[in-house]
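Notes to accompany the following structure.
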Amino acid sequence: MTSESNFVRVAVVQAAPVIMDREATTAKVVALTHQAAKQGAKIVLFPEAFIPAYPRGLTFGTRVGSRSDVGRKDWARYWRNAVSVPSETTESLGEAARSAEVYLIVGVIERDAEFSSGTLFCTTLYFGPDGQLLGKHRKLKPTASERLIWGEGDGSTLTVVDTPYGKMGGLICWENYMPLARTAMYAKGVQIYLAPTADARDVWQSTIRHIAVEGRCFVLSCNQYVTKDMYPTDLACYDELSSAPEVMSVGGSAIVGPLGEYVVEPVLGREDILIGDLNLDLIPQSRFDFDPVGSYARPDIFQLIVNEEKQGSVRWTSEDLE
């Protein structure tokens with residue numbers, strides 16, 4: 001018999017940012033977090049690159065071998081609205097988590113404040129119910145044209161957070177097609193697997209259901225719902241959107257259980273807060289016949305080496321400083 005304490009209510013927020021506006025989008029995150037908390041959610045997940053935007057449809061004036069001046073202006077606007085860690089934005093997000101008493105996970109575009117003020121990263125931030133920033137994950141491999149605007153993360157941010165409901169962590173969008181990255185997360189003991197994404201294709205549903213079955217974990221997949229009329233018309237490269245569809249991202253957020261069944265089926269065509277009650281007893285039950293890094297592993301044949309050292313282009317030694 002399952003006790004009520006073995007359940008946790010989670011919220012997956014399918015919404016659009018106020019595109020290219022960090023402060024307004026942060027305010028929207030705060031408001032939606034409190035809405036989710038009023039419905040009893042203890043974990044609240046927002047999509048990939050929510051603050052200040054996933055710039056779908058924009059090229060920033062790039063072609064192979066050239067960049068345009070107007071594209072540079074739009075990228076600089078994107079950069080100005082990115083999130084430094086820490087900053088007033090992270091303080092606001094932490095306060096939202098504290099006042100709502102939730103674990104808050106938000107996709108942001110992070111402006112690197114440690115090595116270079118110029119590089120942006122696609123990052124997931126984890127806040128605890130005490131308001132503290134518990135960790136972050138930088139996307140390891142931006143996909144296709146994303147590589148023009150975001151840098152690559154390293155193994156130092158393969159973050160997993162201990163919660164009263166189990167270990168929580170995950171990967172961003174097409175990182176989830178990297179089998180070794182998934183294996184690393186399973187080996188860290190993830191039970192609530194977060195998959196914020198920008199992928200609204202039908203095949204993405206196959207991906208998250210496979211991860212749930214493979215990892216024997218709950219999967220929370222979160223995407224934006226965005227229409228073209230949400231884009232600011234004063235973008236220097238706004239004309240690039242002239243042939244874009246009216247609905248730029250249809251959504252498709254969902255919650256999946258550890259045997260691949262939907263807890264909440266995909267939501268399409270609107271902003272919404274998906275609420276799901278996770279029966280945590282299903283996790284050990286599901287691992288009775290399969291555990292990807294336990295009973296079903298063969299370490300005598302297969303081993304994975306993970307480098308979690310922070311990488312930098314410059315390393316200072318005591319000899320250099322003499």
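Note on naming: chains are A, B, ... as they come in the structure tokens, residues start from 1 per chain, ligands start from 1 in the order shown.
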
Segment 10-25 of chain A: which residues within 7 Å, counting only C-alpha atoms, same-chain residues fewer than 5 positions away excluded, as number ranges by chain?
A: 36, 41-46, 50-53, 78, 81-82, 220, 222-226, 230-231, 251, 253, 271-277

Assign secondary structure with DSSP using the backbone only, and return the residues of segment 27-237 of chain A in alpha helix (DSSP H) as a PyMOL selection string.
chain A and resi 27-38+69-80+88-100+179-187+202-215

Sel. of strand (DSSP E) residues, segment 187-256 of chain A, as a JSON list (two decimals) with C-alpha atoms, in the first residue's frame:
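Listing of part-v4.json after writing:
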```
[["chain", "number", "residue", "atom", "x", "y", "z"],
["A", 192, "ILE", "CA", 13.46, 12.72, -11.38],
["A", 193, "TYR", "CA", 14.98, 13.44, -14.78],
["A", 194, "LEU", "CA", 14.49, 16.92, -16.25],
["A", 195, "ALA", "CA", 14.49, 17.37, -20.02],
["A", 196, "PRO", "CA", 13.84, 21.04, -20.89],
["A", 218, "PHE", "CA", 10.29, 10.01, -14.05],
["A", 219, "VAL", "CA", 10.92, 12.38, -16.96],
["A", 220, "LEU", "CA", 9.66, 15.96, -16.99],
["A", 221, "SER", "CA", 9.86, 17.41, -20.48],
["A", 222, "CYS", "CA", 9.24, 21.13, -20.84],
["A", 226, "VAL", "CA", 5.60, 30.64, -28.93],
["A", 227, "THR", "CA", 3.88, 32.52, -31.75],
["A", 247, "VAL", "CA", 3.13, 29.23, -34.42],
["A", 248, "MET", "CA", 6.88, 29.05, -33.92],
["A", 249, "SER", "CA", 6.78, 26.35, -31.23],
["A", 251, "GLY", "CA", 4.81, 23.00, -27.17],
["A", 252, "GLY", "CA", 4.47, 19.30, -26.46],
["A", 253, "SER", "CA", 5.49, 19.35, -22.78],
["A", 254, "ALA", "CA", 4.72, 16.12, -20.94],
["A", 255, "ILE", "CA", 5.44, 14.03, -17.84],
["A", 256, "VAL", "CA", 6.39, 10.36, -18.17]]
```

Pick from A:Arg67, A:Glu48, A:Phe302, A:Ile109 nearest to Thr183 of chain A, counting only C-alpha atoms
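Once distances to Thr183 of chain A are computed over only C-alpha atoms, the minimum belongs to A:Phe302.
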
Could you list, as a list of chain:residue names, every residue within 9 Å of Ile172 of chain A, counting only C-alpha atoms and ignoring same-chain residues fewer than 3 positions away?
A:Glu48, A:Gly107, A:Cys122, A:Thr123, A:Thr124, A:His137, A:Arg138, A:Lys139, A:Leu140, A:Glu175, A:Asn176, A:Leu194, A:Ala195, A:Pro196, A:Thr197, A:Ala198

Would you save the residues from that selection as a PDB file, in the first residue's frame, using N, CA and C atoms?
```pdb
ATOM      1  N   GLU A  48      13.823  25.165 -21.729  1.00  0.00           N
ATOM      2  CA  GLU A  48      15.165  25.542 -22.175  1.00  0.00           C
ATOM      3  C   GLU A  48      15.176  27.008 -22.606  1.00  0.00           C
ATOM      4  N   GLY A 107      15.447  27.400 -17.327  1.00  0.00           N
ATOM      5  CA  GLY A 107      16.400  27.502 -18.420  1.00  0.00           C
ATOM      6  C   GLY A 107      16.705  28.952 -18.726  1.00  0.00           C
ATOM      7  N   CYS A 122      23.824  28.025 -22.877  1.00  0.00           N
ATOM      8  CA  CYS A 122      22.458  27.568 -22.611  1.00  0.00           C
ATOM      9  C   CYS A 122      22.513  26.770 -21.310  1.00  0.00           C
ATOM     10  N   THR A 123      21.884  27.277 -20.275  1.00  0.00           N
ATOM     11  CA  THR A 123      22.103  26.803 -18.905  1.00  0.00           C
ATOM     12  C   THR A 123      20.784  26.513 -18.208  1.00  0.00           C
ATOM     13  N   THR A 124      20.798  25.494 -17.367  1.00  0.00           N
ATOM     14  CA  THR A 124      19.696  25.223 -16.453  1.00  0.00           C
ATOM     15  C   THR A 124      20.135  25.581 -15.044  1.00  0.00           C
ATOM     16  N   HIS A 137      23.592  23.604 -14.856  1.00  0.00           N
ATOM     17  CA  HIS A 137      24.108  22.732 -15.912  1.00  0.00           C
ATOM     18  C   HIS A 137      24.193  23.521 -17.205  1.00  0.00           C
ATOM     19  N   ARG A 138      25.379  23.508 -17.799  1.00  0.00           N
ATOM     20  CA  ARG A 138      25.565  24.151 -19.103  1.00  0.00           C
ATOM     21  C   ARG A 138      25.488  23.097 -20.202  1.00  0.00           C
ATOM     22  N   LYS A 139      24.727  23.396 -21.226  1.00  0.00           N
ATOM     23  CA  LYS A 139      24.559  22.467 -22.350  1.00  0.00           C
ATOM     24  C   LYS A 139      25.922  22.091 -22.920  1.00  0.00           C
ATOM     25  N   LEU A 140      26.164  20.783 -23.034  1.00  0.00           N
ATOM     26  CA  LEU A 140      27.466  20.297 -23.466  1.00  0.00           C
ATOM     27  C   LEU A 140      27.720  20.524 -24.950  1.00  0.00           C
ATOM     28  N   GLU A 175      21.021  17.099 -26.023  1.00  0.00           N
ATOM     29  CA  GLU A 175      21.954  16.358 -25.180  1.00  0.00           C
ATOM     30  C   GLU A 175      21.374  14.989 -24.838  1.00  0.00           C
ATOM     31  N   ASN A 176      20.060  14.918 -24.820  1.00  0.00           N
ATOM     32  CA  ASN A 176      19.391  13.670 -24.472  1.00  0.00           C
ATOM     33  C   ASN A 176      19.541  12.595 -25.543  1.00  0.00           C
ATOM     34  N   LEU A 194      15.022  15.708 -15.629  1.00  0.00           N
ATOM     35  CA  LEU A 194      14.493  16.918 -16.247  1.00  0.00           C
ATOM     36  C   LEU A 194      15.016  17.045 -17.667  1.00  0.00           C
ATOM     37  N   ALA A 195      14.110  17.274 -18.615  1.00  0.00           N
ATOM     38  CA  ALA A 195      14.491  17.373 -20.020  1.00  0.00           C
ATOM     39  C   ALA A 195      13.872  18.619 -20.648  1.00  0.00           C
ATOM     40  N   PRO A 196      14.302  19.827 -20.211  1.00  0.00           N
ATOM     41  CA  PRO A 196      13.838  21.036 -20.891  1.00  0.00           C
ATOM     42  C   PRO A 196      14.324  21.028 -22.328  1.00  0.00           C
ATOM     43  N   THR A 197      13.490  21.520 -23.239  1.00  0.00           N
ATOM     44  CA  THR A 197      13.785  21.343 -24.656  1.00  0.00           C
ATOM     45  C   THR A 197      13.225  22.477 -25.491  1.00  0.00           C
ATOM     46  N   ALA A 198      13.652  22.514 -26.760  1.00  0.00           N
ATOM     47  CA  ALA A 198      13.038  23.378 -27.767  1.00  0.00           C
ATOM     48  C   ALA A 198      12.471  22.527 -28.902  1.00  0.00           C
TER      49      ALA A 198
END
```

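Across the structure, atom CA of Trp174 of chain A and atom CA of Ser145 of chain A are spaced 12.9 Å apart.
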